[in-house]
file final14.txt (compact mmCIF, C-alpha atoms)
# COMPACT_ATOMS: atom_id res chain seq x y z
CA MET A 1 -19.29 9.64 -15.39
CA ASP A 2 -16.10 11.14 -16.83
CA ARG A 3 -12.73 9.45 -16.58
CA MET A 4 -11.35 11.83 -13.94
CA ALA A 5 -14.31 11.38 -11.58
CA SER A 6 -14.16 7.62 -12.04
CA GLY A 7 -10.46 7.72 -11.21
CA TRP A 8 -11.05 9.55 -7.93
CA ILE A 9 -13.87 7.20 -6.91
CA ASN A 10 -11.82 4.08 -7.66
CA GLY A 11 -8.81 5.60 -5.93
CA PHE A 12 -10.85 6.46 -2.86
CA ILE A 13 -12.20 2.91 -2.56
CA GLY A 14 -8.69 1.51 -2.89
CA MET A 15 -7.38 3.93 -0.26
CA VAL A 16 -10.11 2.93 2.23
CA ILE A 17 -9.25 -0.74 1.72
CA PHE A 18 -5.54 -0.06 2.21
CA SER A 19 -6.23 1.85 5.43
CA GLY A 20 -6.88 -1.46 7.16
CA SER A 21 -3.57 -2.98 6.04
CA LEU A 22 -1.30 -1.75 8.83
CA PRO A 23 -3.72 -2.53 11.71
CA ALA A 24 -4.31 -5.99 10.20
CA THR A 25 -0.55 -6.53 9.81
CA ARG A 26 0.01 -5.37 13.38
CA VAL A 27 -2.44 -8.02 14.63
CA ALA A 28 -0.93 -10.74 12.44
CA VAL A 29 2.74 -10.17 13.33
CA ILE A 30 1.97 -10.64 17.00
CA GLN A 31 1.89 -14.39 16.29
CA PHE A 32 3.19 -14.79 12.73
CA ASP A 33 6.82 -14.30 11.74
CA PRO A 34 7.06 -11.17 9.49
CA VAL A 35 8.76 -13.05 6.64
CA PHE A 36 6.21 -15.87 6.80
CA LEU A 37 3.37 -13.33 6.83
CA THR A 38 4.81 -11.59 3.76
CA VAL A 39 5.20 -14.74 1.68
CA ALA A 40 1.91 -16.23 2.90
CA ARG A 41 -0.15 -13.19 1.89
CA ALA A 42 1.56 -13.06 -1.50
CA ALA A 43 1.12 -16.79 -2.08
CA ILE A 44 -2.57 -16.75 -1.15
CA ALA A 45 -3.24 -13.71 -3.32
CA GLY A 46 -1.16 -15.25 -6.10
CA VAL A 47 -3.27 -18.39 -6.20
CA LEU A 48 -6.41 -16.25 -6.37
CA ALA A 49 -4.82 -14.19 -9.15
CA VAL A 50 -4.16 -17.33 -11.20
CA GLY A 51 -7.84 -18.23 -10.87
CA LEU A 52 -8.97 -14.77 -12.00
CA LEU A 53 -6.65 -14.69 -15.02
CA LEU A 54 -7.77 -18.16 -16.10
CA ALA A 55 -11.45 -17.41 -15.52
CA PHE A 56 -11.34 -14.29 -17.70
CA GLN A 57 -8.91 -15.85 -20.20
CA GLU A 58 -6.58 -12.86 -20.05
CA LYS A 59 -3.79 -12.69 -22.57
CA ARG A 60 -0.24 -12.86 -21.33
CA PRO A 61 1.70 -9.60 -20.94
CA SER A 62 4.28 -8.81 -23.58
CA ARG A 63 7.97 -9.33 -22.95
CA GLY A 64 8.34 -5.56 -22.75
CA ASP A 65 5.99 -5.50 -19.77
CA LEU A 66 8.01 -8.00 -17.72
CA VAL A 67 10.48 -5.46 -16.30
CA SER A 68 7.62 -3.25 -15.11
CA LEU A 69 5.85 -6.24 -13.57
CA VAL A 70 9.04 -7.19 -11.71
CA ILE A 71 9.25 -3.65 -10.34
CA VAL A 72 5.61 -3.83 -9.22
CA ALA A 73 6.22 -7.21 -7.60
CA LEU A 74 9.33 -6.04 -5.76
CA GLY A 75 7.60 -2.85 -4.63
CA VAL A 76 4.11 -3.86 -3.54
CA VAL A 77 4.09 -7.67 -3.40
CA VAL A 78 7.35 -8.13 -1.47
CA GLY A 79 8.96 -4.84 -0.44
CA PHE A 80 6.16 -2.89 1.24
CA PRO A 81 4.54 -5.88 3.01
CA LEU A 82 7.87 -7.19 4.34
CA LEU A 83 9.25 -3.83 5.45
CA THR A 84 6.02 -2.81 7.20
CA ALA A 85 5.72 -6.20 8.89
CA LEU A 86 9.27 -5.82 10.21
CA ALA A 87 8.59 -2.21 11.26
CA LEU A 88 5.45 -3.19 13.16
CA GLN A 89 7.54 -5.38 15.43
CA HIS A 90 9.08 -2.15 16.75
CA ILE A 91 6.29 0.45 16.51
CA THR A 92 2.51 0.55 16.87
CA SER A 93 0.24 0.64 13.83
CA ALA A 94 -1.00 4.07 14.94
CA HIS A 95 2.59 5.39 14.80
CA SER A 96 3.31 3.72 11.47
CA ILE A 97 0.11 4.93 9.84
CA VAL A 98 1.21 8.55 10.07
CA PHE A 99 4.16 7.71 7.80
CA ILE A 100 1.66 6.88 5.06
CA GLY A 101 1.40 10.66 4.67
CA LEU A 102 4.76 10.45 2.87
CA LEU A 103 3.42 8.00 0.29
CA PRO A 104 1.67 10.53 -2.01
CA LEU A 105 4.91 12.49 -2.42
CA ALA A 106 6.87 9.32 -3.19
CA THR A 107 4.19 8.20 -5.66
CA ALA A 108 4.15 11.63 -7.34
CA ILE A 109 7.95 11.68 -7.69
CA PHE A 110 7.97 8.27 -9.32
CA GLY A 111 4.96 9.33 -11.39
CA VAL A 112 7.20 11.99 -12.92
CA LEU A 113 10.21 9.68 -13.28
CA ARG A 114 8.35 6.64 -14.58
CA GLY A 115 4.92 7.89 -15.70
CA GLY A 116 5.94 11.04 -17.53
CA GLU A 117 3.55 13.27 -15.56
CA ARG A 118 4.26 16.98 -15.03
CA PRO A 119 2.34 18.48 -12.09
CA LYS A 120 2.38 22.27 -11.64
CA PRO A 121 4.99 23.75 -9.26
CA ALA A 122 2.31 24.60 -6.67
CA PHE A 123 1.46 20.89 -6.47
CA TRP A 124 4.89 20.12 -5.06
CA ILE A 125 4.45 22.80 -2.40
CA PHE A 126 1.30 21.20 -1.04
CA SER A 127 2.62 17.67 -1.40
CA ALA A 128 5.91 18.55 0.27
CA LEU A 129 4.06 20.36 3.06
CA GLY A 130 2.06 17.24 3.83
CA SER A 131 5.21 15.15 3.86
CA ALA A 132 7.02 17.70 6.04
CA LEU A 133 4.22 17.53 8.60
CA VAL A 134 4.66 13.77 8.78
CA ALA A 135 8.45 14.00 9.06
CA GLY A 136 8.08 16.68 11.72
CA PHE A 137 5.82 14.41 13.71
CA ALA A 138 8.47 11.68 13.72
CA LEU A 139 11.14 14.14 14.81
CA MET A 140 8.95 15.55 17.61
CA GLN A 141 8.62 12.02 18.91
CA GLY A 142 12.41 12.03 19.10
CA LEU A 143 12.36 8.70 17.31
CA THR A 144 12.01 7.23 20.79
CA ALA A 145 9.39 4.78 19.61
CA SER A 146 12.04 3.02 17.53
CA ALA A 147 14.58 4.40 15.08
CA THR A 148 14.63 0.97 13.43
CA GLY A 149 10.86 0.91 13.03
CA ASP A 150 10.77 4.41 11.55
CA ALA A 151 13.64 3.65 9.13
CA LEU A 152 11.87 0.51 7.94
CA MET A 153 8.65 2.48 7.38
CA LEU A 154 10.50 5.10 5.34
CA ALA A 155 12.05 2.38 3.18
CA ALA A 156 8.61 0.81 2.77
CA ILE A 157 7.18 4.12 1.55
CA ILE A 158 9.89 4.52 -1.09
CA VAL A 159 9.49 1.05 -2.62
CA CYS A 160 5.69 1.30 -2.43
CA GLY A 161 5.65 4.66 -4.23
CA LEU A 162 7.72 3.12 -7.02
CA GLY A 163 5.41 0.10 -7.20
CA TYR A 164 2.31 2.32 -7.32
CA ALA A 165 3.65 4.56 -10.09
CA GLU A 166 4.99 1.67 -12.18
CA GLY A 167 1.76 -0.29 -11.81
CA ALA A 168 -0.37 2.72 -12.72
CA ARG A 169 1.74 3.37 -15.83
CA LEU A 170 1.36 -0.25 -16.92
CA SER A 171 -2.38 -0.22 -16.12
CA ARG A 172 -2.98 2.22 -18.97
CA THR A 173 -2.31 -0.57 -21.47
CA LEU A 174 -2.60 -3.82 -19.50
CA GLY A 175 -5.54 -3.00 -17.22
CA GLY A 176 -5.68 -2.28 -13.48
CA TRP A 177 -6.55 -5.65 -11.98
CA GLN A 178 -4.50 -7.46 -14.59
CA VAL A 179 -1.32 -5.66 -13.47
CA ILE A 180 -1.51 -6.76 -9.84
CA CYS A 181 -2.61 -10.27 -10.86
CA TRP A 182 0.32 -10.75 -13.23
CA ALA A 183 2.73 -9.31 -10.66
CA LEU A 184 1.41 -11.80 -8.10
CA VAL A 185 1.65 -14.69 -10.57
CA LEU A 186 5.19 -13.69 -11.47
CA SER A 187 6.10 -13.81 -7.78
CA LEU A 188 4.15 -16.99 -7.00
CA PRO A 189 6.85 -19.68 -7.55
CA VAL A 190 9.30 -17.88 -5.27
CA MET A 191 6.60 -17.10 -2.70
CA ILE A 192 5.45 -20.73 -2.52
CA ALA A 193 9.05 -21.94 -2.08
CA LEU A 194 9.64 -19.40 0.70
CA LEU A 195 6.29 -20.23 2.26
CA ILE A 196 7.32 -23.87 2.61
CA PHE A 197 10.73 -22.87 3.97
CA TYR A 198 9.37 -20.43 6.59
CA MET A 199 6.34 -22.54 7.51
CA PRO A 200 6.13 -22.82 11.30
CA PRO A 201 6.16 -26.37 12.68
CA SER A 202 2.68 -25.91 14.15
CA PHE A 203 -0.25 -23.49 13.89
CA SER A 204 -1.94 -24.74 17.04
CA GLY A 205 -1.10 -21.66 19.09
CA ILE A 206 -2.27 -19.10 16.51
CA ALA A 207 -5.36 -17.23 17.73
CA TRP A 208 -8.20 -16.22 15.41
CA PRO A 209 -7.33 -12.46 15.33
CA ALA A 210 -3.98 -13.31 13.70
CA TRP A 211 -5.76 -15.47 11.13
CA LEU A 212 -8.19 -12.65 10.38
CA GLY A 213 -5.25 -10.28 9.94
CA LEU A 214 -3.63 -12.69 7.51
CA ALA A 215 -6.91 -13.09 5.61
CA TYR A 216 -7.38 -9.33 5.31
CA VAL A 217 -3.89 -8.55 4.03
CA SER A 218 -4.02 -11.50 1.63
CA LEU A 219 -7.42 -10.81 0.08
CA PHE A 220 -8.01 -7.08 0.45
CA SER A 221 -4.57 -5.46 0.86
CA MET A 222 -2.80 -7.67 -1.67
CA LEU A 223 -5.47 -8.03 -4.34
CA ILE A 224 -8.86 -6.29 -4.10
CA GLY A 225 -7.47 -2.93 -3.02
CA PHE A 226 -5.12 -2.84 -6.00
CA VAL A 227 -7.97 -3.52 -8.43
CA PHE A 228 -9.48 -0.16 -7.49
CA TRP A 229 -6.23 1.68 -6.76
CA TYR A 230 -4.41 0.99 -10.02
CA ARG A 231 -7.57 1.73 -12.01
CA GLY A 232 -7.94 5.03 -10.17
CA LEU A 233 -4.31 6.05 -10.74
CA ALA A 234 -4.52 5.18 -14.43
CA GLN A 235 -7.78 7.09 -14.95
CA GLY A 236 -7.22 10.16 -12.80
CA GLY A 237 -3.44 10.54 -12.94
CA ILE A 238 -0.72 9.12 -10.69
CA ALA A 239 0.20 12.37 -8.95
CA ALA A 240 -3.39 13.62 -8.55
CA VAL A 241 -5.16 10.48 -7.33
CA GLY A 242 -2.08 9.48 -5.36
CA GLN A 243 -2.79 12.39 -3.02
CA LEU A 244 -5.76 10.43 -1.68
CA GLN A 245 -3.19 8.52 0.36
CA LEU A 246 -3.03 11.63 2.53
CA LEU A 247 -6.48 10.61 3.78
CA GLN A 248 -5.38 7.10 4.69
CA PRO A 249 -3.92 8.00 8.12
CA PHE A 250 -7.33 9.29 9.20
CA PHE A 251 -9.02 5.99 8.45
CA GLY A 252 -6.06 3.98 9.73
CA LEU A 253 -5.89 5.80 13.06
CA ALA A 254 -9.61 5.29 13.54
CA LEU A 255 -9.18 1.55 12.99
CA ALA A 256 -6.14 1.35 15.25
CA ALA A 257 -8.04 3.09 18.05
CA THR A 258 -11.32 1.17 17.71
CA LEU A 259 -10.09 -2.32 16.85
CA LEU A 260 -6.66 -2.52 18.48
CA HIS A 261 -7.32 -0.07 21.35
CA GLU A 262 -3.99 1.58 20.61
CA PRO A 263 -3.39 5.07 21.98
CA VAL A 264 -3.97 7.85 19.47
CA THR A 265 -2.45 11.07 20.78
CA TRP A 266 -3.67 14.57 20.07
CA MET A 267 -0.45 15.19 18.16
CA MET A 268 -1.24 12.28 15.83
CA LEU A 269 -4.70 13.72 15.18
CA VAL A 270 -3.40 17.24 14.59
CA VAL A 271 -0.77 16.02 12.13
CA THR A 272 -3.29 13.81 10.37
CA LEU A 273 -5.86 16.57 9.99
CA ALA A 274 -3.24 19.04 8.77
CA VAL A 275 -2.01 16.52 6.21
CA ILE A 276 -5.56 15.95 5.00
CA LEU A 277 -5.89 19.67 4.20
CA CYS A 278 -2.88 19.43 1.92
CA VAL A 279 -4.72 17.05 -0.42
CA VAL A 280 -7.12 19.83 -1.42
CA GLY A 281 -4.36 22.13 -2.65
CA ALA A 282 -2.34 19.31 -4.21
CA ARG A 283 -5.35 18.08 -6.16
CA LYS A 284 -5.97 21.53 -7.62
CA PHE A 285 -2.49 21.85 -9.06
CA ALA A 286 -1.84 18.22 -10.01
CA GLY A 287 -2.04 19.10 -13.68

call {"tool": "encode", "arguments": {"input": "final14.txt", "output": "structure tokens"}}
result
Amino acid sequence: MDRMASGWINGFIGMVIFSGSLPATRVAVIQFDPVFLTVARAAIAGVLAVGLLLAFQEKRPSRGDLVSLVIVALGVVVGFPLLTALALQHITSAHSIVFIGLLPLATAIFGVLRGGERPKPAFWIFSALGSALVAGFALMQGLTASATGDALMLAAIIVCGLGYAEGARLSRTLGGWQVICWALVLSLPVMIALLIFYMPPSFSGIAWPAWLGLAYVSLFSMLIGFVFWYRGLAQGGIAAVGQLQLLQPFFGLALAATLLHEPVTWMMLVVTLAVILCVVGARKFAG
């Protein structure tokens, strides 16, 4: 299997895993405070990351890698989880999932700025079209769902795109799973301190769905998904493989409808399907 094909397969697996993140977060924030949920998932994943790095006796990253690891940590360990958790207090996961259609464009832009990639001009047309469809959907809703929720989701997309691109760039030399593990370890002392500070006085009233949501975002969204995703971006290209995120709303909406019984409107489906078509053209001209 060539490197490009391997990149798309790994990226696809990572995307499918990430598609469950917002529905799982939506379930968890019903009973967990958003800040506690953010630090708890990072702390749990961080402890697992320490175990993996010790088990495989991985060498420490160089001092030159520390700035990139901090950017990854701020983007995908803290920024995206916290902002989405806050957003999901105002909007449904089905509504928020459609905003994921903006993520490939953000990732591609940072792939150029931080990864040195140069997609063909036609790539930007298809990528921008997909993003415009998502933005148009939000505007057609009149932002009545929640202007605050939508603004938080947009901020989450920006910091996540930066974290994806920076992590993929670093994965070329450090390794895919090593990048997310070191970013989690770097964040661990602060996350544990915040976990203790935001710990609720009692967990007696927390129902099992919230615990399952916490488990999913800690194990799969925060760690396992990144093992495949960063490897895919590094192998197949940040801009190219990043377009797979255009498929994530389809899987996310299906989960939101089947597991959470949230309403999925025809407009959501139309926008999602139209965005999916854009990935075909974007992939062709990714460079």

call {"tool": "residues_around", "arguments": {"input": "final14.txt", "residues": "segment 226-231 of chain A", "least_positions_apart": "4", "cutoff": "6 Å", "atoms": "only C-alpha atoms", "output": "VMD selection string"}}
result
chain A and resid 10 to 11 14 168 176 to 177

call {"tool": "closest_residue", "arguments": {"input": "final14.txt", "among": "A:Val270, A:Ile238, A:Ala254, A:Cys278", "to": "Gly161 of chain A", "atoms": "only C-alpha atoms"}}
result
A:Ile238

call {"tool": "residues_around", "arguments": {"input": "final14.txt", "residues": "segment 97-103 of chain A", "least_positions_apart": "5", "cutoff": "6 Å", "atoms": "only C-alpha atoms", "output": "PyMOL selection string"}}
result
chain A and resi 131+157+246+249

call {"tool": "residues_around", "arguments": {"input": "final14.txt", "residues": "Leu37 of chain A", "least_positions_apart": "3", "cutoff": "9 Å", "atoms": "all atoms listed in the file", "output": "list in words"}}
result
Thr25, Ala28, Val29, Phe32, Asp33, Pro34, Ala40, Arg41, Ala42, Pro81, Leu82, Ala85, Leu195 and Leu214 of chain A

call {"tool": "closest_residue", "arguments": {"input": "final14.txt", "among": "A:Val39, A:Met153, A:Val159, A:Leu223", "to": "Thr84 of chain A", "atoms": "all atoms listed in the file"}}
result
A:Met153

call {"tool": "closest_residue", "arguments": {"input": "final14.txt", "among": "A:Gln178, A:Ala122, A:Met199, A:Arg172", "to": "Gln57 of chain A", "atoms": "all atoms listed in the file"}}
result
A:Gln178

call {"tool": "atom_distance", "arguments": {"input": "final14.txt", "atom1": "atom CA of Met222 of chain A", "atom2": "atom CA of Cys160 of chain A"}}
result
12.4 Å

call {"tool": "atom_distance", "arguments": {"input": "final14.txt", "atom1": "atom CA of Ala108 of chain A", "atom2": "atom CA of Arg169 of chain A"}}
result
12.1 Å
